[in-house]
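Notes follow the structure.
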Amino acid sequence: MLMQKLPRLSGKELIKIISKLGFKTIRQRGSHVFMAKETDKEKITTVVPLHNEIDRGTLLEIIRQIKLTKEQFLELVDNQ
């Protein structure tokens, strides 16, 4: 199976995608948006930079923080 490459996303596009998972914006400091989601077990938080293009490493780290696999994330992106 071919590994699909991560898409080039802006901060606003990423916020729209993870909002569908139940993440809410808590606050913004400069160009960084702090987002959180409450689950039964824990509170998951992440910070999304409002850049025109999010760096691949940053995107991977955000995907890890929101507890998704790369494949689950790519599926979300494809279904938007």
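Every chain in the structure tokens has a letter given in the order shown (A, B, ...), and although residue numbers restart at 1 in each chain, ligands are simply numbered from 1 in the order shown.
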
Any chance you could tabulate, as a Markdown table, the residues of stretch 4-27 of chain A at most 8 Å from stretch 48-54 of chain A with each one's nearest atom pair and distance in Å to one decimal, using only C-alpha atoms, in chain and rising number order?
```
| residue | atom | partner | partner_atom | distance |
| --- | --- | --- | --- | --- |
| A:Arg8 | CA | A:Glu53 | CA | 6.2 |
| A:Leu9 | CA | A:Glu53 | CA | 5.5 |
| A:Ser10 | CA | A:Glu53 | CA | 4.4 |
| A:Gly11 | CA | A:Leu50 | CA | 4.2 |
| A:Lys12 | CA | A:Leu50 | CA | 6.3 |
| A:Leu14 | CA | A:Val48 | CA | 7.7 |
| A:Ile15 | CA | A:Val48 | CA | 7.2 |
```

Practice prompt. Tell me, as a list in words, which residues lie within 12 Å of A:Lys67, counting only C-alpha atoms; anything in the same chain fewer than 5 positions away does not count.
Written response: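 Listed by chain and then number, they are Ile18, Leu21, Lys37, Thr39, Glu42, Lys43, Ile44, Thr45, Thr46, Leu60, Glu61, Ile62, Gln72 and Phe73 of chain A.
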
Residues just named, written with N, CA and C atoms as a PDB file, in the first residue's frame:
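Writing done, so here's part-v7.pdb:
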```pdb
ATOM      1  N   ILE A  18     -10.426  19.782  12.516  1.00  0.00           N
ATOM      2  CA  ILE A  18     -10.470  19.180  13.857  1.00  0.00           C
ATOM      3  C   ILE A  18     -11.673  19.661  14.672  1.00  0.00           C
ATOM      4  N   LEU A  21     -14.245  17.108  14.888  1.00  0.00           N
ATOM      5  CA  LEU A  21     -14.003  16.037  15.860  1.00  0.00           C
ATOM      6  C   LEU A  21     -14.464  16.434  17.261  1.00  0.00           C
ATOM      7  N   LYS A  37     -10.642  19.395  23.626  1.00  0.00           N
ATOM      8  CA  LYS A  37     -11.805  18.509  23.518  1.00  0.00           C
ATOM      9  C   LYS A  37     -11.861  17.683  24.792  1.00  0.00           C
ATOM     10  N   THR A  39     -13.102  14.414  26.697  1.00  0.00           N
ATOM     11  CA  THR A  39     -13.643  13.071  26.506  1.00  0.00           C
ATOM     12  C   THR A  39     -13.988  12.533  27.890  1.00  0.00           C
ATOM     13  N   GLU A  42     -10.372  12.046  29.458  1.00  0.00           N
ATOM     14  CA  GLU A  42      -9.337  13.084  29.526  1.00  0.00           C
ATOM     15  C   GLU A  42      -9.737  14.341  28.763  1.00  0.00           C
ATOM     16  N   LYS A  43      -8.898  15.353  28.929  1.00  0.00           N
ATOM     17  CA  LYS A  43      -9.047  16.570  28.139  1.00  0.00           C
ATOM     18  C   LYS A  43      -7.859  16.615  27.176  1.00  0.00           C
ATOM     19  N   ILE A  44      -8.160  16.665  25.891  1.00  0.00           N
ATOM     20  CA  ILE A  44      -7.109  16.677  24.872  1.00  0.00           C
ATOM     21  C   ILE A  44      -6.945  18.112  24.386  1.00  0.00           C
ATOM     22  N   THR A  45      -5.712  18.605  24.395  1.00  0.00           N
ATOM     23  CA  THR A  45      -5.475  19.979  23.934  1.00  0.00           C
ATOM     24  C   THR A  45      -4.397  19.986  22.852  1.00  0.00           C
ATOM     25  N   THR A  46      -4.470  21.008  22.010  1.00  0.00           N
ATOM     26  CA  THR A  46      -3.454  21.212  20.993  1.00  0.00           C
ATOM     27  C   THR A  46      -3.405  22.686  20.643  1.00  0.00           C
ATOM     28  N   LEU A  60       2.185  16.750  11.859  1.00  0.00           N
ATOM     29  CA  LEU A  60       2.302  15.399  12.429  1.00  0.00           C
ATOM     30  C   LEU A  60       2.170  15.433  13.952  1.00  0.00           C
ATOM     31  N   GLU A  61       2.776  16.425  14.577  1.00  0.00           N
ATOM     32  CA  GLU A  61       2.716  16.559  16.034  1.00  0.00           C
ATOM     33  C   GLU A  61       1.281  16.849  16.492  1.00  0.00           C
ATOM     34  N   ILE A  62       0.571  17.701  15.757  1.00  0.00           N
ATOM     35  CA  ILE A  62      -0.822  18.007  16.100  1.00  0.00           C
ATOM     36  C   ILE A  62      -1.677  16.744  15.956  1.00  0.00           C
ATOM     37  N   GLN A  72      -6.143   7.982   9.837  1.00  0.00           N
ATOM     38  CA  GLN A  72      -7.439   8.522  10.269  1.00  0.00           C
ATOM     39  C   GLN A  72      -7.554   9.986   9.885  1.00  0.00           C
ATOM     40  N   PHE A  73      -6.465  10.722  10.051  1.00  0.00           N
ATOM     41  CA  PHE A  73      -6.463  12.144   9.718  1.00  0.00           C
ATOM     42  C   PHE A  73      -6.676  12.345   8.225  1.00  0.00           C
TER      43      PHE A  73
END
```

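Across A:Gln80, A:Glu13, A:Gly30, A:Glu38, the tightest approach to A:Ile66 is made by A:Glu38 when counting only C-alpha atoms.
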
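Relative to atom CA of A:Phe34, atom CA of A:Glu75 is found at 23.3 Å.
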
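As for atom CA of A:Glu71 and atom CA of A:Asp40, they are spaced 23.8 Å apart.
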
Which parts of chain A does DSSP call strand (DSSP E) when run on the backbone here, written out as a PyMOL selection string? chain A and resi 24-29+32-38+43-49

| request: Pick out each residue of chain A that DSSP on the backbone tags as alpha helix (DSSP H); I need them as an MDAnalysis selection string. | output: chainID A and resid 11:19 56:65 70:78

Item checked: Atomic distance atom CA of A:Gly22 - atom CA of A:Val47, expressed in Å with one decimal ->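 Atom CA of A:Gly22 sits 14.7 Å away from atom CA of A:Val47.
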
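Proximity ranking of A:Lys5, A:Lys16, A:Arg56, A:Arg29 relative to A:Leu76 places A:Lys16 first, based on only C-alpha atoms.
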